[in-house]
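Listing of entry_8.txt; format and content: compact mmCIF, N, CA and C atoms.
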# COMPACT_ATOMS: atom_id res chain seq x y z
N MET A 1 94.09 78.16 127.92
CA MET A 1 92.72 77.90 127.59
C MET A 1 91.84 78.09 128.83
N GLU A 2 90.75 78.81 128.68
CA GLU A 2 89.85 79.07 129.80
C GLU A 2 88.80 77.97 129.94
N HIS A 3 88.48 77.69 131.17
CA HIS A 3 87.40 76.76 131.49
C HIS A 3 86.35 77.55 132.25
N ARG A 4 85.08 77.31 131.93
CA ARG A 4 83.98 78.02 132.56
C ARG A 4 83.00 77.04 133.19
N VAL A 5 82.50 77.42 134.37
CA VAL A 5 81.46 76.64 135.03
C VAL A 5 80.55 77.63 135.76
N ALA A 6 79.24 77.38 135.70
CA ALA A 6 78.26 78.31 136.28
C ALA A 6 77.63 77.73 137.54
N TYR A 7 77.29 78.64 138.46
CA TYR A 7 76.62 78.27 139.70
C TYR A 7 75.55 79.29 140.02
N LYS A 8 74.47 78.82 140.60
CA LYS A 8 73.42 79.71 141.08
C LYS A 8 73.75 80.10 142.51
N VAL A 9 73.50 81.34 142.87
CA VAL A 9 73.71 81.82 144.23
C VAL A 9 72.47 81.48 145.05
N TYR A 10 72.67 80.67 146.08
CA TYR A 10 71.59 80.25 146.97
C TYR A 10 71.62 81.06 148.27
N TYR A 11 70.54 80.98 149.00
CA TYR A 11 70.42 81.71 150.26
C TYR A 11 71.60 81.42 151.19
N GLU A 12 72.01 80.16 151.23
CA GLU A 12 73.12 79.75 152.12
C GLU A 12 74.44 80.42 151.75
N ASP A 13 74.55 80.96 150.54
CA ASP A 13 75.77 81.61 150.08
C ASP A 13 75.86 83.07 150.51
N THR A 14 74.75 83.61 151.01
CA THR A 14 74.68 85.05 151.23
C THR A 14 74.76 85.42 152.71
N ASP A 15 75.01 86.70 152.93
CA ASP A 15 75.02 87.24 154.29
C ASP A 15 73.70 87.95 154.57
N SER A 16 73.63 88.70 155.66
CA SER A 16 72.37 89.34 156.04
C SER A 16 71.95 90.45 155.08
N LEU A 17 72.86 90.89 154.21
CA LEU A 17 72.53 91.91 153.21
C LEU A 17 72.05 91.31 151.90
N GLY A 18 72.07 89.97 151.80
CA GLY A 18 71.63 89.32 150.58
C GLY A 18 72.68 89.25 149.50
N VAL A 19 73.94 89.53 149.88
CA VAL A 19 75.04 89.41 148.92
C VAL A 19 75.91 88.22 149.31
N VAL A 20 76.66 87.69 148.35
CA VAL A 20 77.50 86.53 148.62
C VAL A 20 78.54 86.90 149.68
N TYR A 21 78.58 86.11 150.73
CA TYR A 21 79.59 86.26 151.78
C TYR A 21 80.96 86.03 151.16
N TYR A 22 81.91 86.90 151.46
CA TYR A 22 83.20 86.92 150.74
C TYR A 22 83.90 85.57 150.71
N ALA A 23 83.86 84.80 151.79
CA ALA A 23 84.58 83.52 151.83
C ALA A 23 83.96 82.49 150.90
N ASN A 24 82.70 82.66 150.54
CA ASN A 24 82.06 81.70 149.65
C ASN A 24 82.59 81.77 148.23
N TYR A 25 83.20 82.89 147.85
CA TYR A 25 83.84 82.95 146.54
C TYR A 25 84.98 81.94 146.46
N LEU A 26 85.63 81.69 147.61
CA LEU A 26 86.69 80.67 147.65
C LEU A 26 86.13 79.30 147.30
N LYS A 27 84.92 78.99 147.76
CA LYS A 27 84.28 77.72 147.44
C LYS A 27 83.98 77.63 145.95
N TYR A 28 83.45 78.72 145.38
CA TYR A 28 83.17 78.71 143.95
C TYR A 28 84.45 78.47 143.16
N MET A 29 85.54 79.12 143.57
CA MET A 29 86.80 78.96 142.84
C MET A 29 87.40 77.57 143.04
N GLU A 30 87.24 76.99 144.22
CA GLU A 30 87.71 75.62 144.44
C GLU A 30 86.97 74.67 143.50
N ARG A 31 85.67 74.86 143.38
CA ARG A 31 84.89 74.04 142.46
C ARG A 31 85.37 74.25 141.02
N GLY A 32 85.66 75.49 140.68
CA GLY A 32 86.16 75.79 139.34
C GLY A 32 87.47 75.08 139.04
N ARG A 33 88.38 75.05 140.02
CA ARG A 33 89.66 74.35 139.82
C ARG A 33 89.44 72.85 139.70
N THR A 34 88.55 72.30 140.52
CA THR A 34 88.25 70.87 140.44
C THR A 34 87.68 70.52 139.07
N GLU A 35 86.77 71.34 138.57
CA GLU A 35 86.19 71.12 137.25
C GLU A 35 87.23 71.28 136.16
N TRP A 36 88.15 72.23 136.33
CA TRP A 36 89.22 72.42 135.36
C TRP A 36 90.07 71.16 135.25
N VAL A 37 90.46 70.59 136.40
CA VAL A 37 91.26 69.36 136.41
C VAL A 37 90.50 68.25 135.70
N GLY A 38 89.24 68.07 136.03
CA GLY A 38 88.44 67.02 135.39
C GLY A 38 88.33 67.21 133.89
N ALA A 39 88.28 68.46 133.45
CA ALA A 39 88.19 68.74 132.01
C ALA A 39 89.49 68.40 131.28
N GLN A 40 90.57 68.16 132.03
CA GLN A 40 91.85 67.79 131.43
C GLN A 40 91.92 66.30 131.14
N GLY A 41 90.88 65.56 131.52
CA GLY A 41 90.84 64.15 131.14
C GLY A 41 90.69 63.15 132.27
N ARG A 42 90.97 63.57 133.50
CA ARG A 42 90.82 62.66 134.64
C ARG A 42 90.31 63.43 135.84
N PRO A 43 89.36 62.86 136.57
CA PRO A 43 88.85 63.56 137.76
C PRO A 43 89.91 63.63 138.86
N ILE A 44 89.78 64.63 139.69
CA ILE A 44 90.78 64.88 140.72
C ILE A 44 90.94 63.71 141.68
N GLN A 45 89.85 62.98 141.94
CA GLN A 45 89.97 61.86 142.88
C GLN A 45 90.90 60.77 142.36
N GLU A 46 91.01 60.62 141.05
CA GLU A 46 91.98 59.65 140.51
C GLU A 46 93.40 60.10 140.81
N TRP A 47 93.67 61.40 140.65
CA TRP A 47 95.01 61.91 140.98
C TRP A 47 95.30 61.72 142.46
N ASN A 48 94.30 61.98 143.31
CA ASN A 48 94.49 61.79 144.75
C ASN A 48 94.81 60.35 145.09
N ARG A 49 94.11 59.40 144.46
CA ARG A 49 94.37 57.98 144.73
C ARG A 49 95.78 57.59 144.32
N GLU A 50 96.34 58.28 143.33
CA GLU A 50 97.70 57.98 142.87
C GLU A 50 98.76 58.75 143.64
N GLY A 51 98.36 59.41 144.73
CA GLY A 51 99.33 60.07 145.58
C GLY A 51 99.63 61.51 145.23
N TYR A 52 98.80 62.14 144.46
CA TYR A 52 98.96 63.56 144.14
C TYR A 52 97.92 64.36 144.91
N SER A 53 98.40 65.27 145.74
CA SER A 53 97.50 66.17 146.45
C SER A 53 97.81 67.59 145.99
N PHE A 54 96.76 68.36 145.74
CA PHE A 54 96.92 69.74 145.26
C PHE A 54 96.45 70.67 146.37
N VAL A 55 97.38 71.51 146.86
CA VAL A 55 97.15 72.29 148.06
C VAL A 55 97.37 73.77 147.75
N VAL A 56 96.48 74.62 148.30
CA VAL A 56 96.65 76.06 148.13
C VAL A 56 97.88 76.52 148.88
N TYR A 57 98.77 77.20 148.18
CA TYR A 57 100.00 77.75 148.74
C TYR A 57 99.82 79.23 149.07
N GLY A 58 99.11 79.93 148.22
CA GLY A 58 98.86 81.35 148.44
C GLY A 58 97.81 81.84 147.47
N LEU A 59 97.22 82.99 147.81
CA LEU A 59 96.24 83.56 146.91
C LEU A 59 96.10 85.05 147.13
N THR A 60 95.66 85.72 146.07
CA THR A 60 95.25 87.11 146.17
C THR A 60 93.88 87.22 145.52
N MET A 61 93.04 88.05 146.12
CA MET A 61 91.70 88.25 145.59
C MET A 61 91.37 89.74 145.63
N LYS A 62 90.67 90.17 144.59
CA LYS A 62 90.17 91.54 144.55
C LYS A 62 88.68 91.46 144.29
N PHE A 63 87.93 92.15 145.13
CA PHE A 63 86.47 92.16 145.04
C PHE A 63 86.04 93.44 144.34
N LYS A 64 85.36 93.28 143.22
CA LYS A 64 84.93 94.42 142.41
C LYS A 64 83.46 94.74 142.62
N GLN A 65 82.61 93.71 142.60
CA GLN A 65 81.17 93.86 142.79
C GLN A 65 80.66 92.62 143.50
N ALA A 66 79.48 92.74 144.07
CA ALA A 66 78.90 91.61 144.80
C ALA A 66 77.90 90.85 143.94
N ALA A 67 77.90 89.53 144.11
CA ALA A 67 76.83 88.71 143.57
C ALA A 67 75.72 88.67 144.60
N ARG A 68 74.51 88.48 144.12
CA ARG A 68 73.34 88.52 145.00
C ARG A 68 72.53 87.22 144.90
N LEU A 69 71.70 87.03 145.89
CA LEU A 69 70.81 85.89 145.94
C LEU A 69 70.08 85.73 144.61
N GLY A 70 70.14 84.51 144.05
CA GLY A 70 69.46 84.21 142.80
C GLY A 70 70.28 84.44 141.55
N ASP A 71 71.41 85.15 141.66
CA ASP A 71 72.27 85.38 140.49
C ASP A 71 72.85 84.06 139.99
N MET A 72 73.14 84.03 138.71
CA MET A 72 73.97 82.97 138.13
C MET A 72 75.35 83.56 137.97
N VAL A 73 76.34 82.92 138.58
CA VAL A 73 77.72 83.39 138.44
C VAL A 73 78.51 82.35 137.67
N GLU A 74 79.54 82.81 137.01
CA GLU A 74 80.39 81.93 136.23
C GLU A 74 81.82 82.05 136.74
N VAL A 75 82.43 80.90 137.02
CA VAL A 75 83.83 80.87 137.43
C VAL A 75 84.65 80.54 136.18
N VAL A 76 85.58 81.44 135.88
CA VAL A 76 86.43 81.30 134.71
C VAL A 76 87.84 80.99 135.20
N THR A 77 88.41 79.89 134.72
CA THR A 77 89.70 79.40 135.22
C THR A 77 90.66 79.17 134.08
N SER A 78 91.89 79.64 134.27
CA SER A 78 92.99 79.27 133.39
C SER A 78 94.20 79.04 134.29
N VAL A 79 95.22 78.38 133.75
CA VAL A 79 96.36 78.00 134.59
C VAL A 79 97.65 78.11 133.81
N LYS A 80 98.71 78.41 134.55
CA LYS A 80 100.07 78.35 133.99
C LYS A 80 100.98 77.78 135.07
N MET A 81 101.97 77.03 134.64
CA MET A 81 102.92 76.45 135.58
C MET A 81 103.94 77.50 135.98
N SER A 82 104.12 77.70 137.29
CA SER A 82 105.12 78.61 137.82
C SER A 82 106.46 77.91 137.99
N SER A 83 106.41 76.62 138.27
CA SER A 83 107.59 75.77 138.41
C SER A 83 107.11 74.33 138.25
N ALA A 84 108.02 73.39 138.41
CA ALA A 84 107.62 71.97 138.32
C ALA A 84 106.70 71.57 139.47
N TYR A 85 106.69 72.38 140.55
CA TYR A 85 105.95 72.04 141.76
C TYR A 85 104.76 72.96 142.03
N ARG A 86 104.63 74.03 141.25
CA ARG A 86 103.60 75.03 141.54
C ARG A 86 102.90 75.48 140.27
N ALA A 87 101.57 75.58 140.39
CA ALA A 87 100.75 76.10 139.30
C ALA A 87 100.02 77.35 139.78
N ARG A 88 99.89 78.32 138.90
CA ARG A 88 99.10 79.51 139.22
C ARG A 88 97.80 79.46 138.44
N PHE A 89 96.71 79.43 139.20
CA PHE A 89 95.38 79.46 138.61
C PHE A 89 94.90 80.91 138.61
N MET A 90 94.60 81.42 137.43
CA MET A 90 94.01 82.73 137.30
C MET A 90 92.51 82.50 137.21
N GLN A 91 91.81 83.05 138.19
CA GLN A 91 90.37 82.79 138.25
C GLN A 91 89.61 84.10 138.43
N ARG A 92 88.43 84.10 137.86
CA ARG A 92 87.55 85.24 138.06
C ARG A 92 86.12 84.73 138.17
N VAL A 93 85.33 85.48 138.90
CA VAL A 93 83.90 85.20 139.02
C VAL A 93 83.19 86.33 138.30
N GLU A 94 82.30 85.96 137.40
CA GLU A 94 81.57 86.93 136.59
C GLU A 94 80.07 86.70 136.72
N ARG A 95 79.32 87.76 136.46
CA ARG A 95 77.87 87.68 136.31
C ARG A 95 77.52 88.33 134.99
N GLN A 96 77.08 87.55 134.04
CA GLN A 96 76.73 88.03 132.70
C GLN A 96 77.87 88.87 132.10
N GLY A 97 79.10 88.36 132.24
CA GLY A 97 80.27 89.00 131.67
C GLY A 97 80.85 90.15 132.48
N VAL A 98 80.22 90.50 133.60
CA VAL A 98 80.72 91.57 134.47
C VAL A 98 81.61 90.96 135.55
N LEU A 99 82.82 91.48 135.68
CA LEU A 99 83.77 90.97 136.67
C LEU A 99 83.32 91.30 138.09
N LEU A 100 83.21 90.27 138.91
CA LEU A 100 82.86 90.44 140.32
C LEU A 100 84.08 90.27 141.22
N VAL A 101 84.83 89.19 140.98
CA VAL A 101 86.01 88.86 141.80
C VAL A 101 87.11 88.39 140.87
N ASP A 102 88.32 88.85 141.13
CA ASP A 102 89.50 88.46 140.37
C ASP A 102 90.50 87.86 141.34
N ALA A 103 91.08 86.71 141.00
CA ALA A 103 91.98 86.04 141.93
C ALA A 103 93.11 85.32 141.21
N GLU A 104 94.22 85.20 141.91
CA GLU A 104 95.33 84.32 141.51
C GLU A 104 95.56 83.37 142.66
N VAL A 105 95.52 82.07 142.36
CA VAL A 105 95.65 81.05 143.39
C VAL A 105 96.84 80.17 143.03
N ASP A 106 97.85 80.16 143.90
CA ASP A 106 99.02 79.31 143.70
C ASP A 106 98.77 77.97 144.39
N ILE A 107 98.94 76.91 143.63
CA ILE A 107 98.71 75.54 144.10
C ILE A 107 100.02 74.78 144.01
N VAL A 108 100.37 74.05 145.08
CA VAL A 108 101.52 73.17 145.03
C VAL A 108 101.03 71.73 145.03
N CYS A 109 101.88 70.86 144.54
CA CYS A 109 101.58 69.44 144.49
C CYS A 109 102.39 68.74 145.57
N LEU A 110 101.70 67.93 146.38
CA LEU A 110 102.36 67.15 147.43
C LEU A 110 102.12 65.67 147.18
N GLY A 111 103.09 64.87 147.64
CA GLY A 111 102.94 63.42 147.60
C GLY A 111 102.34 62.91 148.88
N ASP A 112 102.20 61.58 148.98
CA ASP A 112 101.64 60.96 150.18
C ASP A 112 102.45 61.28 151.43
N ASP A 113 103.74 61.59 151.25
CA ASP A 113 104.60 61.92 152.37
C ASP A 113 104.52 63.40 152.78
N GLN A 114 103.59 64.13 152.16
CA GLN A 114 103.37 65.56 152.42
C GLN A 114 104.55 66.44 151.99
N GLN A 115 105.41 65.89 151.13
CA GLN A 115 106.54 66.65 150.58
C GLN A 115 106.19 67.08 149.16
N LEU A 116 106.86 68.16 148.72
CA LEU A 116 106.63 68.62 147.36
C LEU A 116 106.86 67.51 146.36
N ARG A 117 106.01 67.49 145.37
CA ARG A 117 106.10 66.49 144.31
C ARG A 117 105.84 67.22 143.00
N GLU A 118 106.54 66.83 141.95
CA GLU A 118 106.31 67.48 140.66
C GLU A 118 104.89 67.26 140.22
N PHE A 119 104.32 68.31 139.60
CA PHE A 119 102.98 68.19 139.05
C PHE A 119 102.96 67.12 137.98
N PRO A 120 101.90 66.34 137.94
CA PRO A 120 101.77 65.35 136.85
C PRO A 120 101.38 66.09 135.57
N SER A 121 101.55 65.43 134.49
CA SER A 121 100.99 65.93 133.25
C SER A 121 99.49 65.69 133.34
N LEU A 122 98.71 66.75 133.35
CA LEU A 122 97.28 66.60 133.61
C LEU A 122 96.54 65.99 132.42
N ARG A 123 97.11 66.06 131.25
CA ARG A 123 96.52 65.35 130.09
C ARG A 123 97.02 63.92 130.16
N HIS A 124 96.17 62.97 130.40
CA HIS A 124 96.59 61.59 130.62
C HIS A 124 95.79 60.65 129.77

Encoded form (structure tokens):
Amino acid sequence: MEHRVAYKVYYEDTDSLGVVYYANYLKYMERGRTEWVGAQGRPIQEWNREGYSFVVYGLTMKFKQAARLGDMVEVVTSVKMSSAYRARFMQRVERQGVLLVDAEVDIVCLGDDQQLREFPSLRH
């Protein structure tokens, strides 16, 4: 199931050419993952308080087109479990249905001891 969240591109998001600086897409996608978790029934801070930390293990990104100052972009997120300890988030950033950035982000779950921990059931 896909989750969608929209953001406006502000001046602070852009570079000297008026396009979104590439690293800022990572921020949009982080927000998208946080919103995805919250949409599963509990906000991420509750999981953190219970000793679940979700950490980026790896990612790939492909840049197709640039977003520009003033654009509304939409982060589209879906997820599948790769193992008991790792989830793959398939994310894309779109502008009015046009693909701008496509990414796969692997997230691992760690406990308070910073060791791998099985992912919780996010529906709680």

*Between A:Met81, A:Arg68, A:Gly58, A:Phe119, which one has atoms that come closest to Val105 in chain A, using only N, CA and C atoms?*
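Among A:Met81, A:Arg68, A:Gly58, A:Phe119, it is A:Gly58 that comes nearest to Val105 in chain A.
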
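Here CA of Ile107 in chain A and CA of Val76 in chain A stand 16.5 Å from one another.
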
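Separating atom N of Asp113 in chain A from atom N of Gln45 in chain A is a distance of 16.8 Å.
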
*Which residue out of A:Ile44, A:Ala39, A:Val56, A:Val79 has the minimum interatomic distance to Asp106 in chain A when all atoms listed in the file are used?*
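Among the listed residues, A:Val56 lies closest to Asp106 in chain A.
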
*asked:* Nearest residue to Val98 in chain A out of A:Gln65, A:Thr77, A:Gln40, A:Val9, using only N, CA and C atoms?
replied: A:Gln65

Excluding same-chain residues fewer than 4 positions from Gln91 in chain A, what lies within 12 Å of it counting only C-alpha atoms, as a short mmCIF file (atom, residue, chain, number, x, y, z; two decimals) with N, CA and C atoms, in the frame of the given file?
data_model
loop_
_atom_site.label_atom_id
_atom_site.label_comp_id
_atom_site.auth_asym_id
_atom_site.auth_seq_id
_atom_site.Cartn_x
_atom_site.Cartn_y
_atom_site.Cartn_z
N MET A 1 94.09 78.16 127.92
CA MET A 1 92.72 77.90 127.59
C MET A 1 91.84 78.09 128.83
N GLU A 2 90.75 78.81 128.68
CA GLU A 2 89.85 79.07 129.80
C GLU A 2 88.80 77.97 129.94
N HIS A 3 88.48 77.69 131.17
CA HIS A 3 87.40 76.76 131.49
C HIS A 3 86.35 77.55 132.25
N ARG A 4 85.08 77.31 131.93
CA ARG A 4 83.98 78.02 132.56
C ARG A 4 83.00 77.04 133.19
N VAL A 5 82.50 77.42 134.37
CA VAL A 5 81.46 76.64 135.03
C VAL A 5 80.55 77.63 135.76
N TYR A 25 83.20 82.89 147.85
CA TYR A 25 83.84 82.95 146.54
C TYR A 25 84.98 81.94 146.46
N LEU A 26 85.63 81.69 147.61
CA LEU A 26 86.69 80.67 147.65
C LEU A 26 86.13 79.30 147.30
N TYR A 28 83.45 78.72 145.38
CA TYR A 28 83.17 78.71 143.95
C TYR A 28 84.45 78.47 143.16
N MET A 29 85.54 79.12 143.57
CA MET A 29 86.80 78.96 142.84
C MET A 29 87.40 77.57 143.04
N GLU A 30 87.24 76.99 144.22
CA GLU A 30 87.71 75.62 144.44
C GLU A 30 86.97 74.67 143.50
N ARG A 31 85.67 74.86 143.38
CA ARG A 31 84.89 74.04 142.46
C ARG A 31 85.37 74.25 141.02
N GLY A 32 85.66 75.49 140.68
CA GLY A 32 86.16 75.79 139.34
C GLY A 32 87.47 75.08 139.04
N ARG A 33 88.38 75.05 140.02
CA ARG A 33 89.66 74.35 139.82
C ARG A 33 89.44 72.85 139.70
N TRP A 36 88.15 72.23 136.33
CA TRP A 36 89.22 72.42 135.36
C TRP A 36 90.07 71.16 135.25
N LEU A 59 97.22 82.99 147.81
CA LEU A 59 96.24 83.56 146.91
C LEU A 59 96.10 85.05 147.13
N THR A 60 95.66 85.72 146.07
CA THR A 60 95.25 87.11 146.17
C THR A 60 93.88 87.22 145.52
N MET A 61 93.04 88.05 146.12
CA MET A 61 91.70 88.25 145.59
C MET A 61 91.37 89.74 145.63
N LYS A 62 90.67 90.17 144.59
CA LYS A 62 90.17 91.54 144.55
C LYS A 62 88.68 91.46 144.29
N GLU A 74 79.54 82.81 137.01
CA GLU A 74 80.39 81.93 136.23
C GLU A 74 81.82 82.05 136.74
N VAL A 75 82.43 80.90 137.02
CA VAL A 75 83.83 80.87 137.43
C VAL A 75 84.65 80.54 136.18
N VAL A 76 85.58 81.44 135.88
CA VAL A 76 86.43 81.30 134.71
C VAL A 76 87.84 80.99 135.20
N THR A 77 88.41 79.89 134.72
CA THR A 77 89.70 79.40 135.22
C THR A 77 90.66 79.17 134.08
N SER A 78 91.89 79.64 134.27
CA SER A 78 92.99 79.27 133.39
C SER A 78 94.20 79.04 134.29
N VAL A 79 95.22 78.38 133.75
CA VAL A 79 96.36 78.00 134.59
C VAL A 79 97.65 78.11 133.81
N LYS A 80 98.71 78.41 134.55
CA LYS A 80 100.07 78.35 133.99
C LYS A 80 100.98 77.78 135.07
N LEU A 99 82.82 91.48 135.68
CA LEU A 99 83.77 90.97 136.67
C LEU A 99 83.32 91.30 138.09
N LEU A 100 83.21 90.27 138.91
CA LEU A 100 82.86 90.44 140.32
C LEU A 100 84.08 90.27 141.22
N VAL A 101 84.83 89.19 140.98
CA VAL A 101 86.01 88.86 141.80
C VAL A 101 87.11 88.39 140.87
N ASP A 102 88.32 88.85 141.13
CA ASP A 102 89.50 88.46 140.37
C ASP A 102 90.50 87.86 141.34
N ALA A 103 91.08 86.71 141.00
CA ALA A 103 91.98 86.04 141.93
C ALA A 103 93.11 85.32 141.21
N GLU A 104 94.22 85.20 141.91
CA GLU A 104 95.33 84.32 141.51
C GLU A 104 95.56 83.37 142.66
N VAL A 105 95.52 82.07 142.36
CA VAL A 105 95.65 81.05 143.39
C VAL A 105 96.84 80.17 143.03
N ASP A 106 97.85 80.16 143.90
CA ASP A 106 99.02 79.31 143.70
C ASP A 106 98.77 77.97 144.39
#

Box centre and edge lengths (Å, one decimal), axis-aligned, range 106-112 of chain A plus 3 Å each side, as JSON:
{"center_x": 100.5, "center_y": 70.6, "center_z": 147.5, "size_x": 11.2, "size_y": 25.2, "size_z": 13.8}

*Which of these, A:Ala6, A:Leu17, A:Cys109, A:Ala67, has the shortest distance to Ala84 in chain A once you count only C-alpha atoms?*
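The closest residue to Ala84 in chain A is A:Cys109.
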
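We find CA of Asn48 in chain A and atom C of Asp112 in chain A to be spaced 10.4 Å apart.
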
*Residues near range 11-16 of chain A, cut-off 6.5 Å, all atoms listed in the file, skip fewer than 6 positions along chain, as a PyMOL selection string*: chain A and resi 24+69-70

*Using backbone DSSP assignments, extract all strand (DSSP E) residues from chain A; output them as a PyMOL selection string.*
chain A and resi 3-8+53-63+72-81+86-95+98-110

_Which residue of A:Val37, A:Asp71, A:Ser53, A:Val108 approaches Arg88 in chain A most closely, using all atoms listed in the file_ =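 Under the stated criterion, the closest residue is A:Val108.
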
_Residue nearest Glu50 in chain A among A:Gly38, A:Gly18, A:Gly97, A:Gly111 (counting all atoms listed in the file)_ =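 Among A:Gly38, A:Gly18, A:Gly97, A:Gly111, it is A:Gly111 that comes nearest to Glu50 in chain A.
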
*DSSP on the backbone, then: every residue of chain A marked alpha helix (DSSP H), written as a PyMOL selection string.*
chain A and resi 24-39+44-49

Would you output range 35-95 of chain A from that structure, restricted to C-alpha atoms, as a short mmCIF file (atom, residue, chain, number, x, y, z; two decimals), in the first residue's frame?
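Below is the file decode_22.cif, written as the result:
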data_model
loop_
_atom_site.label_atom_id
_atom_site.label_comp_id
_atom_site.auth_asym_id
_atom_site.auth_seq_id
_atom_site.Cartn_x
_atom_site.Cartn_y
_atom_site.Cartn_z
CA GLU A 35 4.74 9.75 8.03
CA TRP A 36 4.39 6.19 6.70
CA VAL A 37 5.20 4.76 10.15
CA GLY A 38 2.72 7.11 11.81
CA ALA A 39 0.04 6.09 9.32
CA GLN A 40 0.47 2.50 10.54
CA GLY A 41 -1.09 3.45 13.86
CA ARG A 42 1.67 4.75 16.12
CA PRO A 43 4.07 7.67 15.77
CA ILE A 44 7.75 6.88 15.43
CA GLN A 45 8.62 8.50 18.76
CA GLU A 46 6.55 5.84 20.57
CA TRP A 47 8.60 3.11 18.88
CA ASN A 48 11.80 4.94 19.83
CA ARG A 49 10.72 5.17 23.48
CA GLU A 50 10.15 1.40 23.45
CA GLY A 51 13.71 0.76 22.28
CA TYR A 52 13.21 0.49 18.53
CA SER A 53 15.51 2.59 16.39
CA PHE A 54 15.19 2.60 12.60
CA VAL A 55 18.49 3.29 10.84
CA VAL A 56 19.38 3.67 7.16
CA TYR A 57 21.50 0.69 6.10
CA GLY A 58 21.82 1.54 2.41
CA LEU A 59 20.15 3.38 -0.40
CA THR A 60 20.10 3.92 -4.12
CA MET A 61 18.69 7.01 -5.80
CA LYS A 62 18.12 7.96 -9.40
CA PHE A 63 17.50 11.57 -10.34
CA LYS A 64 15.21 12.01 -13.33
CA GLN A 65 14.15 15.67 -13.16
CA ALA A 66 14.60 18.58 -10.80
CA ALA A 67 12.03 20.17 -8.55
CA ARG A 68 12.11 23.94 -8.46
CA LEU A 69 11.41 26.73 -6.01
CA GLY A 70 7.67 26.93 -5.32
CA ASP A 71 6.83 23.45 -6.64
CA MET A 72 4.62 21.10 -4.67
CA VAL A 73 6.27 17.69 -4.55
CA GLU A 74 4.76 14.46 -3.34
CA VAL A 75 6.71 11.70 -1.61
CA VAL A 76 5.24 8.29 -2.35
CA THR A 77 6.29 5.48 0.00
CA SER A 78 5.69 1.75 0.10
CA VAL A 79 7.56 -0.92 2.02
CA LYS A 80 8.36 -4.61 2.00
CA MET A 81 10.23 -6.66 4.56
CA SER A 82 13.57 -7.99 3.29
CA SER A 83 14.17 -10.00 6.47
CA ALA A 84 13.09 -9.93 10.11
CA TYR A 85 15.66 -7.16 10.66
CA ARG A 86 15.47 -5.13 7.44
CA ALA A 87 12.78 -3.30 5.52
CA ARG A 88 13.07 -1.90 2.01
CA PHE A 89 11.27 1.37 1.45
CA MET A 90 10.50 2.08 -2.18
CA GLN A 91 10.16 5.81 -2.45
CA ARG A 92 9.70 8.31 -5.21
CA VAL A 93 9.33 12.06 -5.39
CA GLU A 94 6.83 13.32 -7.92
CA ARG A 95 5.54 16.65 -9.17
#
